[in-house]
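Q: Okay, handing you the structure first.
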Amino acid sequence: MDYNNEKQLSDPLLPSAESGSGPEAAPGRRSSIFAKTVGIAEDVVTRPVDIMKSSTFVDDYNKVRAEALPLTKAGDTGNFFHNFRWGDPNHDPTQREIAKVSLWRMFSYSTVRERCLMVLGLVLSTFTGLGIPAWLVLLAQSLDTFSNIGMLLSKVEDSQDNMMDYLMKELTSLCTAFAVVGLICLVTGFGYVSIFSYTGEMQSLRIQKAFVRASLNQDAAWFDTHNRETLPTKMGTALVHINNGIGRQIVDVYSNAISAAGCLAVALVLNTKLALVMLCVVPFAFIILMLFNFCIRRVKRRASAENSSAGGIATESLAGIKTVASLCAQPHFTSLYSHHISESSRLNIRASFLSSLVAGVTGGLFYVTYIFAFYIGTEQVAEDMERITIIRCLFSQEQNCRVTGASVMCCIYGVILCVTFFGLMGPGLSVVNLARSAAVEVFDTLLRQPPIDPSSDKGTRIDGGVSGKIEFKKLCFTYPSAPDRPIFYDFNLTIEPGQSVALVGPSGSGKSTIARFLLRFYDPNQGSIIIDEKYPLNTLNISWFRSQVGYVAQDPLLFPGTIRDNIAMGLNAHGETATNEQVYQAAKDACAHDFILGLPDGYDTYYGGTSVQFSGGQLQRICIARALIRNPSILILDEATSALDQMSETHVQNALAHIREHKKVTTVTIAHRLTTIIDSDTIAVINGGKIAELGDHKTLIEKENGIYRTLCESQGIKPEDDATSGLATSTDDADIETKSDVEDGKAEGSAMPLDDEIPQDDPTEVPQASMSSIWRQIGGARAFVELLIGIVGSGLVGCLSPCESILTAQIVTNFYTVDVDDMLQANKEFIVKFFYFALAALVGNMMVGYGLGRSGNKLAQKLRIKSFGSMMNRSMGWFDLPEHTTGDLTSILGADVEAVSGLVGLPLGYRVRALVSLLTGISIALKYSIEVGIVAVMCVPLIMIAGLVQSCCVRRRFASNTEGLSPGTIMEQGLRGIASVQAYGLESKVGADYEVALEPESNGKVKQGMVAGAVFGFTQFSVFVSFALVFFVGSQLLIQVKIDFISFFTSVLAVMFGALGASTVAADFNSRQKGLVAAARIYTTFYGPSDGSHEDQGTVMPIEGDITFQSVKFSYPSRPDSSIFYESDTMDGVSLHVAPGESIGLVGRSGSGKSTVLQIVMRFYDITGGSASLDKKYEFADVNVKTLRSQIGYVGQLPTLFNGTVKENILLGKEDATDDEIIAACKLAQCHEFVLNLADGYDTHVGPGGNILSGGQKQRVAIARAIIKQPRILILDEATAALDNESQKLVQAALDDLSADYTTLTVAHRLLTVKNCTKIAFLGDGGVLECGSHEELVALKGNYRELWNMQGGGSEEAE
């Protein structure tokens, strides 16, 4: 065929004539290439059957396309590709600086009242921040007073009484001042922490609500580029960071900044020269901090990327646990998850060590600064040591009268505290910057106005509703995520009001795309869709128009709630209230009323969000009822009856026909099973991006060599057959009704039992783990050595501050007790000892970074891997429990593990450091003055009691979140089913459910913030009151000459420096409590019923494939009272036999237990009675699970693919398969050609859940994955239901060939699929109603014969 003939057509790859852009030679060449492409496409339309059978078509098309794409990228691609952008394959997004949201934008969700409160909080935090500078001023004044009076008392004996009175006056004022400062800090600390905890939580709550609603309102193109599997986890983490960043952390940064500025001001006032000298070290410290922080940020970004990848793997594998188990792929996913977690842990360990190293370097640097500062200060003091100067300064009001030892000391500590508070701003700034970075994607979503916005009020609403006429005019379209793969070139179709139109064609031809157009999920790139002859679809109000459309997808989706609520959503979503009569009638029309009444609670049966409670057919009928209740003007059925048995499908089809007769309902049906659409008014065959054939069934089937006729013949439909033979008339359900058992469905995931089965937790108490259990989890001598190193390092760093008091007190005392000539020499031997402190700070922090950095991250790594591995090895019944939804399990792997790691990680170091600091300070005080030490010990409970109160409050606060679905689970389910959510206008409902679930948690956090504020304020108050008491007692002892000045000074400074760390311990009780509660949740995943696939128990042998069921009884573990197989008056459970190499078809009504038989064979569940044996030797329960599943190939109705390449997905069936084996399997599954047509062939990434592939394409890849194992038993659970007719015929032929060698169990609603099976079992009434070959069952004239006749029994001899 010559494709070089140029056609006079518009070239979408060419730039417009006006633009003049692009290389000069490119337009002509592109025009030629485009003409070739059009020629190929037109050949497909004019000679479809020949072309479809030709392997050269795909090769020719790919060759031409490959030639065109580089040219397209070279210049302006014109309007057709104007909105699409080429990615840069060499660009690594993890190596760029992450953009940040401004602080003003972060606070944009605050109200006027909250802004006023935040201003008040800033004022209060200012007073709190000035507490330490005030303490410095008071300390300097008191020490100068005591030292001066002490010196004068020893040299001016005749003035002792006057001096004593003056001393008592000064003492009283100082202690009062300490108490007043403490009281101010109590009030202001409580105020600002409570205010910002409240306002931060309220703003975060609004942002979370707005984000969920904004996400649900995004258009389909946005979801094409955002992984729905990882989005809940990723956004949940981002929202937590935002909450932290706009709450207490940011005001803590401000308060620390005030403290730093205040301390610096005090230092400059007390001793300007010395303060300026010391400030010279700040730039060096700042440069060091900047360099280290730069490295730390890079490492943390890489660690975060690895952690996100691990989270995506966990979400996908847990959501698809049945597919994972059937492939024995638990080790694969556990290994993959472990790899990413291990890499993340390695990077986090490096970041922790760098953080501690920079703390050690800066700490050592400042201790070195002490040396120079005290040396300079000693010289300054020596210059002002004359007696007359002392007396003049004592009674004068002149500031900075002379340089004293106290002013030198307080100046030095003023600068050090300034830098310390500056450093304390670091963690808070990191949190704020992390929040700003995390907020980028959140605020991008919040601010993004989707081109197709269902929340918008814009657009026309047609008075009287839509009549139903639809016109597609010259549509051209490519998906935004695949702009190089056109779906439609020149698509034209007109649908009249009330007309039923069926769309058929091969998988990937664009049938479902038409449904997405009608729901306004996408708009065409060119062309238009006209409603009722004059309204372009893109001018109509989106929400209103969708309310006129009923939509039933191929993958049924229900939402947590009762069956009644799910059906009523069809009306309730748009403000209408559905009556019970409307709900019942819709269920009857959908053939669902009878089986719903058979449920334990009827229409009030609670559905937990997944399909373990119902079969696929039952779920599908409920979804159809939800569509019918709104009496739509347009009804879209996207393979809506593919999961129904023939009887149910017949009833539903007749119900739809009845509805069309009494109301003009325009029906658009997408189907592979042609018997469901042969009575359609018009059938459109889509091929090559256009309508290839158009007409009714009679017209198209008489067309020689037509595509439709070929497809009909492949399904046994011949031209001479009556057009209505594929559908039986309405028959009484009782004729073939079987018990509507609750059977396990085919979708992946877990389920929720009924409301009365949900255990209710004690609302006042939450389980928490013990610290001893945490120590056991660490395990291993090396891990304990690392932990010990970190604890020792923390203790070493913690004892430095109170130990400074010994040197500082000795140096300052020398200022007053040593002659001027000997002062410098006497102080030098103490000053140089600060070198040892610098070395200890460096070594101690390095020990912390190495020991606790490794300990915390290794524990997190171990818990994540162990917990995920345990989840992978749990039985299917374990996943049926309400607390084991995918969202809850991924939350355990994320936030809970993070909280536990803090128990032995760097947060443990902070606690140890603070406690050691306090204990060391008390010990030093006891050594130098027992009385002062005893007072300090008595003050400890005052400081610590606040933390204990907070701990008790936190335990009660957690209990408020233990009931109902978690917010994360609701968000996950809403995003996973976004198509149904938007089609039914349920965005507001899902958002409201999320808000309701979030409210108790938010209220608990507000209360916790109030408690934290009270604890913080009380702790500050306790510290200052403790200072006052210690000072009072010490000064009394000094006056009474029971201790000397150096003992008094050392003990007071030791208590003060030690007590400053106590508030850290009190504030950290909250995180410690969270960690223990989180650990208890993690431990619940370690124990539970095992799947058995990882154990060596059971018989290991090659199986032959003989399967025998003898009086088998069964009920699902989560619902033991609802039996699937049971003893009745006519039968004793399920009894059947399949010999090696035989094939058996399992048929029957939806819910009769067909899929349950398969799951028993797969050992997903064990039987509760009777006998199920393999090879006539072994009970299934006695066979090694891994051995059994490795010899079984399983394909479910709803295929589950995983994020990765096509090749990687197929290799899950056989890890060591060669390329030739992969290709051979794909050819058998009829997917080799379409895989080659993908962008990168077998190396093409299929996306999360395989979302870049159509349903039929995913199914064929899943079949290839199953047959590459060369199994002894092949299980097909509606394996060809999602395939187009030609592929179904070819795949079925291949499967029939395989059946000659393997024992095959097939569940099917299309009886043609199982017609050639060795035997067919018709299930119902808790057992097998009929069993035999096709011919035997037809001759029996029972249930099977009736079902066969419904599907066109007159075509038995058809191919």
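Each chain of the structure tokens is named A, B, ... in the order shown, its residues numbered from 1; ligands are numbered from 1 in display order.
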A:Gly200: which residues within 7 Å, counting only C-alpha atoms, same-chain residues fewer than 5 positions away excluded, as a ChimeraX atom specification?
A: /A:243,246-247
Q: Can I get the selection written as an mmCIF file, in the first residue's frame, with N, CA and C atoms?
A:
```
data_model
loop_
_atom_site.group_PDB
_atom_site.id
_atom_site.type_symbol
_atom_site.label_atom_id
_atom_site.label_comp_id
_atom_site.auth_asym_id
_atom_site.auth_seq_id
_atom_site.Cartn_x
_atom_site.Cartn_y
_atom_site.Cartn_z
ATOM 1 N N ASN A 243 0.202 22.090 59.306
ATOM 2 C CA ASN A 243 -0.351 22.281 60.651
ATOM 3 C C ASN A 243 0.748 22.678 61.627
ATOM 4 N N ILE A 246 2.141 26.452 60.860
ATOM 5 C CA ILE A 246 1.348 27.660 61.140
ATOM 6 C C ILE A 246 0.813 27.662 62.561
ATOM 7 N N GLY A 247 1.240 26.701 63.368
ATOM 8 C CA GLY A 247 0.808 26.632 64.752
ATOM 9 C C GLY A 247 1.859 27.166 65.693
#
```
Q: Got a sec: who's within 8 Å of stretch 897-913 of chain A, counting only C-alpha atoms, leaving out chain neighbours fewer than 3 positions off, as a PyMOL selection string?
A: chain A and resi 352+787+790-791+794-799+848-849+852-857+859-860+863-864+892-894+916-917+1061+1064-1065+1068+1071-1072+1074-1076+1078-1079+1082
Q: Would you compute the distance between atom CA of A:Asp224 and atom CA of A:Ser481? Give it in Å to one decimal.
A: 6.2 Å
Q: Need to verify the contact set: stretch 973-989 of chain A, 8 Å, only C-alpha atoms, exclusion of same-chain residues closer than 2 positions in sequence. Can you return it as a VMD selection string?
A: chain A and resid 213 216 to 217 228 to 229 454 519 543 546 to 547 549 to 551 553 557 559 569 to 570 573 to 574 609 969 to 971 991 to 993
Q: Could you take the residues named above and write them with N, CA, C and O atoms, as a compact mmCIF listing (two decimals), in the first residue's frame?
A:
```
# COMPACT_ATOMS: atom_id res chain seq x y z
N ARG A 213 -11.81 19.01 49.19
CA ARG A 213 -12.85 19.44 48.25
C ARG A 213 -12.25 19.88 46.92
O ARG A 213 -12.78 19.57 45.85
N LEU A 216 -11.17 16.79 44.97
CA LEU A 216 -12.32 16.08 44.39
C LEU A 216 -12.92 16.84 43.22
O LEU A 216 -13.59 16.23 42.37
N ASN A 217 -12.67 18.14 43.15
CA ASN A 217 -13.22 18.96 42.05
C ASN A 217 -12.25 19.13 40.89
O ASN A 217 -12.59 19.80 39.91
N ARG A 228 -3.05 8.68 42.34
CA ARG A 228 -4.12 8.58 43.33
C ARG A 228 -3.79 7.60 44.44
O ARG A 228 -4.37 7.66 45.53
N GLU A 229 -2.88 6.65 44.17
CA GLU A 229 -2.51 5.68 45.19
C GLU A 229 -1.70 6.33 46.31
O GLU A 229 -1.89 6.03 47.49
N PRO A 454 -16.54 21.18 38.44
CA PRO A 454 -17.93 20.85 38.80
C PRO A 454 -18.50 21.73 39.90
O PRO A 454 -19.72 21.77 40.09
N LEU A 519 -19.57 12.95 30.29
CA LEU A 519 -19.55 13.33 31.70
C LEU A 519 -18.70 14.57 31.94
O LEU A 519 -18.51 14.98 33.08
N SER A 543 -22.11 20.66 36.92
CA SER A 543 -22.81 19.90 37.95
C SER A 543 -24.25 19.62 37.56
O SER A 543 -24.76 18.51 37.75
N ARG A 546 -24.34 16.91 34.78
CA ARG A 546 -24.08 15.56 35.29
C ARG A 546 -25.28 15.01 36.06
O ARG A 546 -25.48 13.80 36.12
N SER A 547 -26.07 15.91 36.64
CA SER A 547 -27.27 15.44 37.34
C SER A 547 -28.31 14.90 36.38
O SER A 547 -29.24 14.19 36.79
N VAL A 549 -27.43 12.93 33.95
CA VAL A 549 -26.82 11.73 33.38
C VAL A 549 -26.73 10.64 34.44
O VAL A 549 -26.32 10.90 35.58
N GLY A 550 -27.12 9.44 34.07
CA GLY A 550 -26.89 8.28 34.93
C GLY A 550 -25.68 7.52 34.40
O GLY A 550 -25.58 7.29 33.19
N TYR A 551 -24.79 7.14 35.27
CA TYR A 551 -23.52 6.53 34.84
C TYR A 551 -23.25 5.28 35.66
O TYR A 551 -23.32 5.29 36.88
N ALA A 553 -20.21 2.44 35.79
CA ALA A 553 -18.90 2.08 35.27
C ALA A 553 -18.69 0.57 35.28
O ALA A 553 -19.43 -0.18 35.91
N LEU A 557 -18.45 0.72 42.18
CA LEU A 557 -17.93 1.41 43.35
C LEU A 557 -19.07 1.85 44.23
O LEU A 557 -19.97 2.57 43.80
N PHE A 559 -19.91 3.37 48.39
CA PHE A 559 -19.27 4.16 49.43
C PHE A 559 -19.68 3.63 50.80
O PHE A 559 -20.74 3.01 50.94
N MET A 569 -27.99 8.00 46.96
CA MET A 569 -27.02 9.00 46.55
C MET A 569 -27.30 9.52 45.14
O MET A 569 -26.93 10.65 44.80
N GLY A 570 -27.95 8.70 44.31
CA GLY A 570 -28.26 9.16 42.96
C GLY A 570 -29.11 10.40 42.95
O GLY A 570 -29.03 11.22 42.03
N ALA A 573 -27.36 13.54 46.15
CA ALA A 573 -26.17 14.35 45.85
C ALA A 573 -26.54 15.73 45.32
O ALA A 573 -25.76 16.66 45.44
N HIS A 574 -27.75 15.86 44.77
CA HIS A 574 -28.14 17.16 44.20
C HIS A 574 -29.27 17.80 44.98
O HIS A 574 -30.09 18.54 44.43
N GLY A 609 -16.93 -0.21 52.39
CA GLY A 609 -16.00 0.47 51.50
C GLY A 609 -15.26 -0.45 50.56
O GLY A 609 -14.53 0.00 49.69
N THR A 969 -8.76 7.28 55.38
CA THR A 969 -9.47 6.24 54.65
C THR A 969 -10.55 6.84 53.76
O THR A 969 -10.72 6.43 52.60
N ILE A 970 -11.29 7.82 54.28
CA ILE A 970 -12.33 8.46 53.48
C ILE A 970 -11.72 9.17 52.27
O ILE A 970 -12.23 9.08 51.15
N MET A 971 -10.61 9.86 52.51
CA MET A 971 -9.95 10.56 51.41
C MET A 971 -9.45 9.57 50.37
O MET A 971 -9.62 9.78 49.15
N GLY A 991 -16.54 15.20 50.85
CA GLY A 991 -15.90 16.26 51.63
C GLY A 991 -16.54 16.41 53.01
O GLY A 991 -15.84 16.60 54.01
N ALA A 992 -17.87 16.32 53.07
CA ALA A 992 -18.56 16.43 54.36
C ALA A 992 -18.23 15.26 55.27
O ALA A 992 -18.01 15.43 56.47
N ASP A 993 -18.17 14.05 54.70
CA ASP A 993 -17.79 12.87 55.49
C ASP A 993 -16.39 13.03 56.05
O ASP A 993 -16.11 12.67 57.20
```
Q: Kindly give the distance, in Å, that separates atom CA of A:Tyr367 and atom CA of A:Ile412, rounded to a single decimal.
A: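 Here the two named atoms are 10.7 Å from each other.
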Q: May I have the residues within 9 Å of A:Ile670 as a list in words, using only C-alpha atoms and disregarding those fewer than 2 positions away in the same chain?
A: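 Listed by chain and then number, they are Val501, Ala502, Leu503, Val504, Lys511, Ser512, Ala515, Ile636, Leu637, Asp638, Glu639, Ala640, Val668, His672 and Ile677 of chain A.
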Q: Emit the selected residues as a PDB file, in the first residue's frame, including C-alpha atoms.
A:
```pdb
ATOM      1  CA  VAL A 501     -26.715   3.725  20.897  1.00  0.00           C
ATOM      2  CA  ALA A 502     -24.129   1.045  21.434  1.00  0.00           C
ATOM      3  CA  LEU A 503     -20.401   1.662  20.995  1.00  0.00           C
ATOM      4  CA  VAL A 504     -18.291  -1.325  20.037  1.00  0.00           C
ATOM      5  CA  LYS A 511     -15.294   3.760  23.544  1.00  0.00           C
ATOM      6  CA  SER A 512     -14.898   4.754  27.186  1.00  0.00           C
ATOM      7  CA  ALA A 515     -18.422   8.265  28.043  1.00  0.00           C
ATOM      8  CA  ILE A 636     -24.268   5.756  30.151  1.00  0.00           C
ATOM      9  CA  LEU A 637     -23.534   2.080  30.656  1.00  0.00           C
ATOM     10  CA  ASP A 638     -19.800   1.379  30.428  1.00  0.00           C
ATOM     11  CA  GLU A 639     -19.768  -2.432  30.468  1.00  0.00           C
ATOM     12  CA  ALA A 640     -22.386  -2.023  33.191  1.00  0.00           C
ATOM     13  CA  VAL A 668     -25.144   5.079  25.414  1.00  0.00           C
ATOM     14  CA  HIS A 672     -18.036  -6.317  24.469  1.00  0.00           C
ATOM     15  CA  ILE A 677     -26.685  -4.437  22.551  1.00  0.00           C
TER      16      ILE A 677
END
```
Q: Could you go through stretch 492-572 of chain A and tell me which residues DSSP, when run on the backbone, assigns to helix (DSSP H, G or I), listing them as a PyMOL selection string?
A: chain A and resi 511-518+537-539+542-547+563-572
Q: Could you pull the residues within 9 Å of stretch 523-538 of chain A, counting only C-alpha atoms, minus those fewer than 3 positions along the same chain, as a PyMOL selection string?
A: chain A and resi 79-81+452+459-460+462+466-478+488+490-491+496-497+516-518+520+541-542+545
Q: Quick one: which stretch 1328-1352 of chain A residues come within 12 Å of stretch 1138-1151 of chain A, and what is the nearest atom pair for each with the distance in Å to one decimal, counting only C-alpha atoms, rows ordered by chain and ascending number, as a Markdown table?
A:
```
| residue | atom | partner | partner_atom | distance |
| --- | --- | --- | --- | --- |
| A:Val1328 | CA | A:Gly1148 | CA | 9.4 |
| A:Leu1329 | CA | A:Gly1148 | CA | 9.2 |
| A:Glu1330 | CA | A:Val1147 | CA | 9.9 |
| A:Cys1331 | CA | A:Leu1146 | CA | 9.4 |
| A:Gly1332 | CA | A:Ile1144 | CA | 9.1 |
| A:Ser1333 | CA | A:Ile1144 | CA | 8.9 |
| A:His1334 | CA | A:Gly1145 | CA | 9.6 |
| A:Leu1337 | CA | A:Val1147 | CA | 11.9 |
| A:Asn1343 | CA | A:Gly1148 | CA | 8.6 |
| A:Tyr1344 | CA | A:Gly1148 | CA | 8.2 |
| A:Arg1345 | CA | A:Gly1148 | CA | 11.8 |
| A:Glu1346 | CA | A:Gly1148 | CA | 11.4 |
| A:Leu1347 | CA | A:Gly1148 | CA | 9.0 |
| A:Trp1348 | CA | A:Val1147 | CA | 10.9 |
```
Q: Let me see the file: selected residues, N, CA and C atoms, as a JSON list (two decimals), in the first residue's frame.
A:
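That gives us out.json:
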```json
[["chain", "number", "residue", "atom", "x", "y", "z"],
["A", 1328, "VAL", "N", -24.31, -27.37, 44.76],
["A", 1328, "VAL", "CA", -24.31, -27.55, 43.31],
["A", 1328, "VAL", "C", -25.68, -28.05, 42.89],
["A", 1329, "LEU", "N", -26.41, -27.24, 42.13],
["A", 1329, "LEU", "CA", -27.74, -27.62, 41.68],
["A", 1329, "LEU", "C", -27.69, -28.59, 40.51],
["A", 1330, "GLU", "N", -26.77, -28.36, 39.57],
["A", 1330, "GLU", "CA", -26.64, -29.22, 38.39],
["A", 1330, "GLU", "C", -25.16, -29.33, 38.04],
["A", 1331, "CYS", "N", -24.77, -30.48, 37.51],
["A", 1331, "CYS", "CA", -23.38, -30.66, 37.09],
["A", 1331, "CYS", "C", -23.32, -31.66, 35.95],
["A", 1332, "GLY", "N", -22.55, -31.35, 34.93],
["A", 1332, "GLY", "CA", -22.39, -32.23, 33.78],
["A", 1332, "GLY", "C", -21.80, -31.46, 32.63],
["A", 1333, "SER", "N", -21.70, -32.11, 31.47],
["A", 1333, "SER", "CA", -21.19, -31.42, 30.29],
["A", 1333, "SER", "C", -22.26, -30.49, 29.75],
["A", 1334, "HIS", "N", -21.86, -29.66, 28.82],
["A", 1334, "HIS", "CA", -22.81, -28.73, 28.21],
["A", 1334, "HIS", "C", -24.00, -29.47, 27.62],
["A", 1337, "LEU", "N", -26.30, -30.92, 30.36],
["A", 1337, "LEU", "CA", -27.10, -29.94, 31.07],
["A", 1337, "LEU", "C", -28.19, -29.34, 30.19],
["A", 1343, "ASN", "N", -31.98, -25.45, 35.13],
["A", 1343, "ASN", "CA", -31.52, -24.07, 35.28],
["A", 1343, "ASN", "C", -30.55, -23.67, 34.18],
["A", 1344, "TYR", "N", -29.60, -24.56, 33.88],
["A", 1344, "TYR", "CA", -28.59, -24.24, 32.87],
["A", 1344, "TYR", "C", -29.23, -24.08, 31.50],
["A", 1345, "ARG", "N", -30.16, -24.98, 31.16],
["A", 1345, "ARG", "CA", -30.81, -24.92, 29.84],
["A", 1345, "ARG", "C", -31.55, -23.59, 29.69],
["A", 1346, "GLU", "N", -32.22, -23.16, 30.72],
["A", 1346, "GLU", "CA", -32.94, -21.89, 30.65],
["A", 1346, "GLU", "C", -31.98, -20.73, 30.45],
["A", 1347, "LEU", "N", -30.87, -20.77, 31.18],
["A", 1347, "LEU", "CA", -29.87, -19.71, 31.03],
["A", 1347, "LEU", "C", -29.25, -19.73, 29.64],
["A", 1348, "TRP", "N", -29.02, -20.91, 29.14],
["A", 1348, "TRP", "CA", -28.45, -21.07, 27.79],
["A", 1348, "TRP", "C", -29.38, -20.48, 26.74]]
```
